[in-house]
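S.K.: There's a structure below that I have some questions on.
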Amino acid sequence: MLIAKGIVKQYGTLSVLSGIDIEVKPSEFVAIVGSSGAGKSTLLHILGTLDKADQGELRILDHNISKLKDKALADFRNQHIGFVFQFHNLLPEFSAIENICMPALIGKRNPAATEKKALELLELLNLVNRKDHKPSELSGGEQQRIAVARALINEPSIIFADEPSGNLDAKNADELHNLFFDLRERFKQTFVVVTHNPELADRADRKIELQAGKVL
């Protein structure tokens with residue numbers, strides 16, 4: 001699913017990543033762990049094509065990401081990659097179902113088919129009765145589940161999550177973690193997750209620990 005070789009990232013004189021090699025298999029759940037400042041989020045953003053490495057090669061689905069121009073990269077990201085962040089990043093002026101549909105509409109997918117898919121996801125997440133609510137009318141756990149549905153709307157090949165339960169209480173965090181593994185079983189979804197949560201990390205197929213920009 002994903003191969004990264006020799007990933008290097010610097011900000012000025014600060015070396016953040018120092019030659020990272022990672023492979024992720026289809027349907028694998030990989031947790032990236034390590035102390036604050038170890039480079040976890042920077043690595044996730046590079047693997048998710050939101051940032052570019054200074055050196056190294058990234059291949060997703062056998063596409064050489066570094067060779068893609070900006071428009072082709074944006075199209076690839078929209079079609080094949082889903083994101084879930086610590087802060088849900090829902091658009092406050094839109095309803096839950098409109099937020100879910102947004103990536104598909106940006107990708108010029110059929111609006112009627114997109115809404116049907118969004119309703120199926122809302123039903124899966126037990127949130128159909130909240131479809132017309134704005135983010136401010138939803139609980140933190142509900143907002144994060146809407147963000148997961150948005151990540152799934154384009155049926156991505158891989159989902160990247162950056163501290164997805166970091167802003168949730170223990171009950172909602174546990175429900176979100178269970179949802180991730182249910183989705184992996186149901187859709188054979190691939191997950192790469194940065195987390196400080198030891199329970200989530202221990203449930204992963206594999207943990208990749210970073211320290212000072214290197215894989216331990």
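In the structure tokens, each chain is lettered A, B, ... as it comes, each chain's residues begin at 1, and ligands are numbered from 1 in order of appearance.
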Neighbours of range 188-205 of chain A within 9 Å (only C-alpha atoms; same-chain residues fewer than 5 positions away dropped), as a PyMOL selection string?
M.R.: chain A and resi 1+24-36+40-41+44+155-166+174+177+180-181+183
S.K.: Could the residues in this selection be written to a file with N, CA and C atoms, as an mmCIF file, in the first residue's frame?
M.R.:
data_model
loop_
_atom_site.group_PDB
_atom_site.id
_atom_site.type_symbol
_atom_site.label_atom_id
_atom_site.label_comp_id
_atom_site.auth_asym_id
_atom_site.auth_seq_id
_atom_site.Cartn_x
_atom_site.Cartn_y
_atom_site.Cartn_z
ATOM 1 N N MET A 1 0.832 -1.211 0.000
ATOM 2 C CA MET A 1 0.000 0.000 0.000
ATOM 3 C C MET A 1 0.863 1.257 0.000
ATOM 4 N N VAL A 24 3.824 -0.137 4.586
ATOM 5 C CA VAL A 24 2.510 -0.442 5.135
ATOM 6 C C VAL A 24 1.772 -1.339 4.152
ATOM 7 N N LYS A 25 1.239 -2.442 4.660
ATOM 8 C CA LYS A 25 0.529 -3.398 3.812
ATOM 9 C C LYS A 25 -0.958 -3.045 3.725
ATOM 10 N N PRO A 26 -1.644 -3.512 2.680
ATOM 11 C CA PRO A 26 -3.088 -3.301 2.592
ATOM 12 C C PRO A 26 -3.811 -3.885 3.806
ATOM 13 N N SER A 27 -4.791 -3.136 4.321
ATOM 14 C CA SER A 27 -5.621 -3.521 5.467
ATOM 15 C C SER A 27 -4.846 -3.577 6.777
ATOM 16 N N GLU A 28 -3.632 -3.075 6.797
ATOM 17 C CA GLU A 28 -2.854 -3.066 8.032
ATOM 18 C C GLU A 28 -3.215 -1.838 8.865
ATOM 19 N N PHE A 29 -3.178 -2.009 10.184
ATOM 20 C CA PHE A 29 -3.388 -0.903 11.114
ATOM 21 C C PHE A 29 -2.051 -0.630 11.800
ATOM 22 N N VAL A 30 -1.441 0.492 11.464
ATOM 23 C CA VAL A 30 -0.117 0.846 11.971
ATOM 24 C C VAL A 30 -0.224 2.062 12.880
ATOM 25 N N ALA A 31 0.331 1.963 14.075
ATOM 26 C CA ALA A 31 0.374 3.084 15.015
ATOM 27 C C ALA A 31 1.784 3.671 15.026
ATOM 28 N N ILE A 32 1.876 4.977 14.886
ATOM 29 C CA ILE A 32 3.154 5.682 15.004
ATOM 30 C C ILE A 32 3.180 6.340 16.375
ATOM 31 N N VAL A 33 4.151 5.958 17.193
ATOM 32 C CA VAL A 33 4.216 6.422 18.581
ATOM 33 C C VAL A 33 5.583 7.055 18.848
ATOM 34 N N GLY A 34 5.678 7.699 20.005
ATOM 35 C CA GLY A 34 6.922 8.356 20.398
ATOM 36 C C GLY A 34 6.610 9.599 21.202
ATOM 37 N N SER A 35 7.609 10.141 21.833
ATOM 38 C CA SER A 35 7.408 11.322 22.676
ATOM 39 C C SER A 35 7.121 12.550 21.822
ATOM 40 N N SER A 36 6.619 13.600 22.457
ATOM 41 C CA SER A 36 6.376 14.858 21.753
ATOM 42 C C SER A 36 7.689 15.377 21.167
ATOM 43 N N LYS A 40 6.515 12.646 14.763
ATOM 44 C CA LYS A 40 5.388 11.793 14.359
ATOM 45 C C LYS A 40 4.436 12.501 13.397
ATOM 46 N N SER A 41 3.975 13.688 13.771
ATOM 47 C CA SER A 41 3.014 14.397 12.924
ATOM 48 C C SER A 41 3.647 14.842 11.616
ATOM 49 N N LEU A 44 3.623 11.849 9.444
ATOM 50 C CA LEU A 44 2.278 11.548 8.965
ATOM 51 C C LEU A 44 1.870 12.493 7.842
ATOM 52 N N GLU A 155 -14.228 6.459 -0.418
ATOM 53 C CA GLU A 155 -13.719 5.086 -0.346
ATOM 54 C C GLU A 155 -12.198 5.057 -0.568
ATOM 55 N N PRO A 156 -11.451 5.752 0.298
ATOM 56 C CA PRO A 156 -10.002 5.876 0.111
ATOM 57 C C PRO A 156 -9.278 4.557 0.316
ATOM 58 N N SER A 157 -8.092 4.482 -0.246
ATOM 59 C CA SER A 157 -7.264 3.292 -0.084
ATOM 60 C C SER A 157 -6.617 3.252 1.299
ATOM 61 N N ILE A 158 -6.367 4.425 1.868
ATOM 62 C CA ILE A 158 -5.654 4.504 3.143
ATOM 63 C C ILE A 158 -6.149 5.716 3.917
ATOM 64 N N ILE A 159 -6.276 5.561 5.230
ATOM 65 C CA ILE A 159 -6.680 6.670 6.098
ATOM 66 C C ILE A 159 -5.535 7.003 7.046
ATOM 67 N N PHE A 160 -5.203 8.286 7.120
ATOM 68 C CA PHE A 160 -4.206 8.794 8.052
ATOM 69 C C PHE A 160 -4.935 9.539 9.164
ATOM 70 N N ALA A 161 -4.566 9.261 10.393
ATOM 71 C CA ALA A 161 -5.206 9.910 11.538
ATOM 72 C C ALA A 161 -4.129 10.444 12.478
ATOM 73 N N ASP A 162 -4.247 11.714 12.855
ATOM 74 C CA ASP A 162 -3.266 12.367 13.721
ATOM 75 C C ASP A 162 -3.906 12.657 15.077
ATOM 76 N N GLU A 163 -3.567 11.867 16.087
ATOM 77 C CA GLU A 163 -4.130 11.992 17.434
ATOM 78 C C GLU A 163 -5.660 12.085 17.368
ATOM 79 N N PRO A 164 -6.323 11.131 16.706
ATOM 80 C CA PRO A 164 -7.761 11.274 16.468
ATOM 81 C C PRO A 164 -8.619 11.293 17.715
ATOM 82 N N SER A 165 -8.129 10.677 18.811
ATOM 83 C CA SER A 165 -8.902 10.666 20.055
ATOM 84 C C SER A 165 -8.303 11.583 21.111
ATOM 85 N N GLY A 166 -7.337 12.385 20.723
ATOM 86 C CA GLY A 166 -6.628 13.232 21.693
ATOM 87 C C GLY A 166 -7.491 14.296 22.332
ATOM 88 N N ASP A 174 -12.699 5.501 23.364
ATOM 89 C CA ASP A 174 -12.830 4.051 23.204
ATOM 90 C C ASP A 174 -13.797 3.715 22.076
ATOM 91 N N HIS A 177 -12.009 4.308 18.758
ATOM 92 C CA HIS A 177 -11.042 3.244 18.478
ATOM 93 C C HIS A 177 -11.757 1.987 17.987
ATOM 94 N N PHE A 180 -12.729 2.417 14.378
ATOM 95 C CA PHE A 180 -11.625 2.214 13.432
ATOM 96 C C PHE A 180 -11.446 0.734 13.108
ATOM 97 N N PHE A 181 -11.461 -0.106 14.126
ATOM 98 C CA PHE A 181 -11.227 -1.532 13.885
ATOM 99 C C PHE A 181 -12.434 -2.196 13.227
ATOM 100 N N LEU A 183 -14.267 -0.634 11.024
ATOM 101 C CA LEU A 183 -14.133 -0.217 9.620
ATOM 102 C C LEU A 183 -13.056 -1.034 8.924
#
S.K.: Using only C-alpha atoms, determine which residues lie at most 9 Å from Arg145 in chain A, disregarding the query and same-chain residues fewer than 6 positions distant; provide the list as a PDB file with N, CA and C atoms, in the first residue's frame.
M.R.:
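This is the output file out00.pdb:
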ATOM      1  N   HIS A  88     -11.508  18.119  14.649  1.00  0.00           N
ATOM      2  CA  HIS A  88     -12.265  17.536  13.546  1.00  0.00           C
ATOM      3  C   HIS A  88     -12.224  18.336  12.248  1.00  0.00           C
ATOM      4  N   LEU A 122     -23.731   7.585   7.686  1.00  0.00           N
ATOM      5  CA  LEU A 122     -24.401   8.097   8.887  1.00  0.00           C
ATOM      6  C   LEU A 122     -25.169   6.983   9.598  1.00  0.00           C
ATOM      7  N   LEU A 125     -22.803   4.795  11.449  1.00  0.00           N
ATOM      8  CA  LEU A 125     -22.275   5.458  12.641  1.00  0.00           C
ATOM      9  C   LEU A 125     -23.373   5.853  13.630  1.00  0.00           C
ATOM     10  N   LEU A 127     -25.811   7.983  13.265  1.00  0.00           N
ATOM     11  CA  LEU A 127     -25.932   9.442  13.330  1.00  0.00           C
ATOM     12  C   LEU A 127     -26.921  10.002  12.308  1.00  0.00           C
ATOM     13  N   LEU A 176     -14.415   5.570  19.449  1.00  0.00           N
ATOM     14  CA  LEU A 176     -13.756   5.898  18.188  1.00  0.00           C
ATOM     15  C   LEU A 176     -12.764   4.808  17.797  1.00  0.00           C
ATOM     16  N   LEU A 179     -14.553   1.900  16.469  1.00  0.00           N
ATOM     17  CA  LEU A 179     -15.043   2.206  15.121  1.00  0.00           C
ATOM     18  C   LEU A 179     -13.948   1.974  14.087  1.00  0.00           C
TER      19      LEU A 179
END
S.K.: Could you give me, as a Markdown table, every range 121-153 of chain A residue with an atom at most 12 Å from range 113-116 of chain A, plus its closest atom pair and distance in Å to one decimal, counting only C-alpha atoms, rows ordered by chain then number?
M.R.:
| residue | atom | partner | partner_atom | distance |
| --- | --- | --- | --- | --- |
| A:Leu121 | CA | A:Lys116 | CA | 8.8 |
| A:Leu122 | CA | A:Lys116 | CA | 9.9 |
| A:Glu123 | CA | A:Lys116 | CA | 10.7 |
| A:Val128 | CA | A:Lys116 | CA | 11.7 |
| A:Lys131 | CA | A:Glu115 | CA | 10.8 |
| A:Ala149 | CA | A:Thr114 | CA | 11.9 |
| A:Arg150 | CA | A:Thr114 | CA | 11.0 |
| A:Leu152 | CA | A:Thr114 | CA | 11.3 |
| A:Ile153 | CA | A:Thr114 | CA | 7.6 |
S.K.: Would you write out those residues with N, CA, C and O atoms, as a short mmCIF file (atom, residue, chain, number, x, y, z; two decimals), in the first residue's frame?
M.R.:
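The resulting file, part-v3.cif, is reproduced below:
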data_model
loop_
_atom_site.label_atom_id
_atom_site.label_comp_id
_atom_site.auth_asym_id
_atom_site.auth_seq_id
_atom_site.Cartn_x
_atom_site.Cartn_y
_atom_site.Cartn_z
N LEU A 121 -23.23 5.97 5.46
CA LEU A 121 -22.20 6.12 6.49
C LEU A 121 -22.81 6.64 7.80
O LEU A 121 -22.45 6.18 8.89
N LEU A 122 -23.73 7.59 7.69
CA LEU A 122 -24.40 8.10 8.89
C LEU A 122 -25.17 6.98 9.60
O LEU A 122 -25.18 6.91 10.83
N GLU A 123 -25.79 6.11 8.82
CA GLU A 123 -26.50 4.98 9.41
C GLU A 123 -25.52 4.03 10.10
O GLU A 123 -25.78 3.55 11.21
N VAL A 128 -27.79 9.15 11.76
CA VAL A 128 -28.74 9.62 10.75
C VAL A 128 -29.61 10.75 11.29
O VAL A 128 -29.89 11.74 10.59
N LYS A 131 -28.06 14.33 10.90
CA LYS A 131 -27.52 14.68 9.58
C LYS A 131 -27.66 16.17 9.24
O LYS A 131 -26.81 16.72 8.54
N ALA A 149 -16.60 9.80 8.87
CA ALA A 149 -17.45 9.58 7.70
C ALA A 149 -16.95 10.40 6.51
O ALA A 149 -16.94 9.91 5.37
N ARG A 150 -16.54 11.64 6.76
CA ARG A 150 -15.99 12.48 5.69
C ARG A 150 -14.73 11.83 5.10
O ARG A 150 -14.52 11.86 3.88
N LEU A 152 -14.17 8.77 4.84
CA LEU A 152 -14.54 7.53 4.13
C LEU A 152 -15.34 7.76 2.86
O LEU A 152 -15.50 6.84 2.06
N ILE A 153 -15.85 8.96 2.64
CA ILE A 153 -16.84 9.19 1.59
C ILE A 153 -16.34 8.82 0.19
O ILE A 153 -17.09 8.35 -0.65
#
S.K.: Could you pull out the strand (DSSP E) residues of chain A from DSSP and send them as a PDB file with C-alpha atoms, in the first residue's frame?
M.R.:
ATOM      1  CA  LEU A   2       2.740   2.448   0.999  1.00  0.00           C
ATOM      2  CA  ILE A   3       6.534   2.459   0.782  1.00  0.00           C
ATOM      3  CA  ALA A   4       8.636   5.315   2.146  1.00  0.00           C
ATOM      4  CA  LYS A   5      12.424   5.259   1.808  1.00  0.00           C
ATOM      5  CA  GLY A   6      15.001   7.626   3.234  1.00  0.00           C
ATOM      6  CA  ILE A   7      12.515  10.331   4.284  1.00  0.00           C
ATOM      7  CA  VAL A   8      14.388  13.432   5.471  1.00  0.00           C
ATOM      8  CA  LYS A   9      12.803  16.680   6.666  1.00  0.00           C
ATOM      9  CA  GLN A  10      14.457  19.792   8.046  1.00  0.00           C
ATOM     10  CA  TYR A  11      13.131  23.160   9.140  1.00  0.00           C
ATOM     11  CA  LEU A  14      16.469  21.708  12.810  1.00  0.00           C
ATOM     12  CA  SER A  15      16.497  18.106  11.624  1.00  0.00           C
ATOM     13  CA  VAL A  16      13.007  16.634  12.200  1.00  0.00           C
ATOM     14  CA  LEU A  17      13.224  13.367  10.241  1.00  0.00           C
ATOM     15  CA  SER A  18      16.538  11.644   9.555  1.00  0.00           C
ATOM     16  CA  GLY A  19      16.115   8.934   6.940  1.00  0.00           C
ATOM     17  CA  ILE A  20      12.834   7.151   7.718  1.00  0.00           C
ATOM     18  CA  ASP A  21      12.021   3.817   6.019  1.00  0.00           C
ATOM     19  CA  ILE A  22       8.451   2.490   6.354  1.00  0.00           C
ATOM     20  CA  GLU A  23       6.249   0.005   4.532  1.00  0.00           C
ATOM     21  CA  VAL A  24       2.510  -0.442   5.135  1.00  0.00           C
ATOM     22  CA  PHE A  29      -3.388  -0.903  11.114  1.00  0.00           C
ATOM     23  CA  VAL A  30      -0.117   0.846  11.971  1.00  0.00           C
ATOM     24  CA  ALA A  31       0.374   3.084  15.015  1.00  0.00           C
ATOM     25  CA  ILE A  32       3.154   5.682  15.004  1.00  0.00           C
ATOM     26  CA  VAL A  33       4.216   6.422  18.581  1.00  0.00           C
ATOM     27  CA  GLN A  55      14.862  13.881   0.548  1.00  0.00           C
ATOM     28  CA  GLY A  56      13.554  10.383   0.026  1.00  0.00           C
ATOM     29  CA  GLU A  57      10.893   8.591  -1.969  1.00  0.00           C
ATOM     30  CA  LEU A  58       7.229   7.958  -1.214  1.00  0.00           C
ATOM     31  CA  ARG A  59       5.126   5.466  -3.162  1.00  0.00           C
ATOM     32  CA  ILE A  60       1.425   4.882  -2.532  1.00  0.00           C
ATOM     33  CA  HIS A  63       2.514   5.844  -7.625  1.00  0.00           C
ATOM     34  CA  ASN A  64       5.719   7.813  -7.118  1.00  0.00           C
ATOM     35  CA  ILE A  81      -6.471   9.242   0.936  1.00  0.00           C
ATOM     36  CA  GLY A  82      -8.695  10.031   3.918  1.00  0.00           C
ATOM     37  CA  PHE A  83      -7.739  12.141   6.928  1.00  0.00           C
ATOM     38  CA  VAL A  84      -8.897  12.317  10.541  1.00  0.00           C
ATOM     39  CA  PHE A  85      -7.286  14.943  12.771  1.00  0.00           C
ATOM     40  CA  ILE A 158      -5.654   4.504   3.143  1.00  0.00           C
ATOM     41  CA  ILE A 159      -6.680   6.670   6.098  1.00  0.00           C
ATOM     42  CA  PHE A 160      -4.206   8.794   8.052  1.00  0.00           C
ATOM     43  CA  ALA A 161      -5.206   9.910  11.538  1.00  0.00           C
ATOM     44  CA  ASP A 162      -3.266  12.367  13.721  1.00  0.00           C
ATOM     45  CA  THR A 190      -5.735   0.586   5.851  1.00  0.00           C
ATOM     46  CA  PHE A 191      -4.946   2.911   8.784  1.00  0.00           C
ATOM     47  CA  VAL A 192      -1.800   4.823   9.749  1.00  0.00           C
ATOM     48  CA  VAL A 193      -2.408   6.538  13.092  1.00  0.00           C
ATOM     49  CA  VAL A 194      -0.252   8.854  15.184  1.00  0.00           C
ATOM     50  CA  ARG A 206       2.285  -2.923  14.435  1.00  0.00           C
ATOM     51  CA  LYS A 207       3.822  -0.009  16.320  1.00  0.00           C
ATOM     52  CA  ILE A 208       6.478   2.220  14.764  1.00  0.00           C
ATOM     53  CA  GLU A 209       8.279   4.184  17.462  1.00  0.00           C
ATOM     54  CA  LEU A 210      10.084   7.395  16.577  1.00  0.00           C
ATOM     55  CA  GLN A 211      12.793   9.006  18.638  1.00  0.00           C
ATOM     56  CA  LYS A 214      14.494   8.106  13.604  1.00  0.00           C
ATOM     57  CA  VAL A 215      12.716   4.766  13.844  1.00  0.00           C
TER      58      VAL A 215
END
S.K.: By how many Å are CA of Leu168 in chain A and CA of Gly48 in chain A apart?
M.R.: 23.0 Å
S.K.: Find the residue from A:Gly39, A:Pro111, A:Gly140, A:Pro103 that sits nearest to Phe87 in chain A; use only C-alpha atoms when measuring.
M.R.: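 With only C-alpha atoms as the atom set, the closest residue is A:Gly140.
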S.K.: At what distance in Å, to one decimal, does CA of Lys171 in chain A lie from CA of Ser95 in chain A?
M.R.: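 Those two atoms sit 24.6 Å apart.
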S.K.: Extract the full set of helix (DSSP H, G or I) residues from range 106-200 of chain A according to DSSP on the backbone, and format it as number ranges by chain.
M.R.: A: 106, 111-124, 128-130, 135-137, 140-152, 170-187, 198-200
S.K.: Quick one: of A:Leu47, A:Ile146, A:Ser139, A:Ile106, who's nearest to Leu119 in chain A, counting only C-alpha atoms?
M.R.: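 Of A:Leu47, A:Ile146, A:Ser139, A:Ile106, the one nearest Leu119 in chain A is A:Ile146, counting only C-alpha atoms.
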S.K.: Using only C-alpha atoms, which of the listed residues (A:Glu93, A:Asp51, A:Glu98, A:Glu175) sits closest to Glu142 in chain A?
M.R.: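 Looking only at the distances to Glu142 in chain A, the closest residue turns out to be A:Glu175.
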S.K.: What does the distance between CA of Glu120 in chain A and CA of Ala147 in chain A come to in Å, to one decimal place?
M.R.: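 So the two atoms, CA of Glu120 in chain A and CA of Ala147 in chain A, lie 14.6 Å apart.
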S.K.: So, with only C-alpha atoms as the atoms that count, which of A:Val148, A:Pro135, A:Gly107, A:Lys52 lies closest to Arg77 in chain A?
M.R.: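 Closest to Arg77 in chain A of all the choices is A:Gly107.
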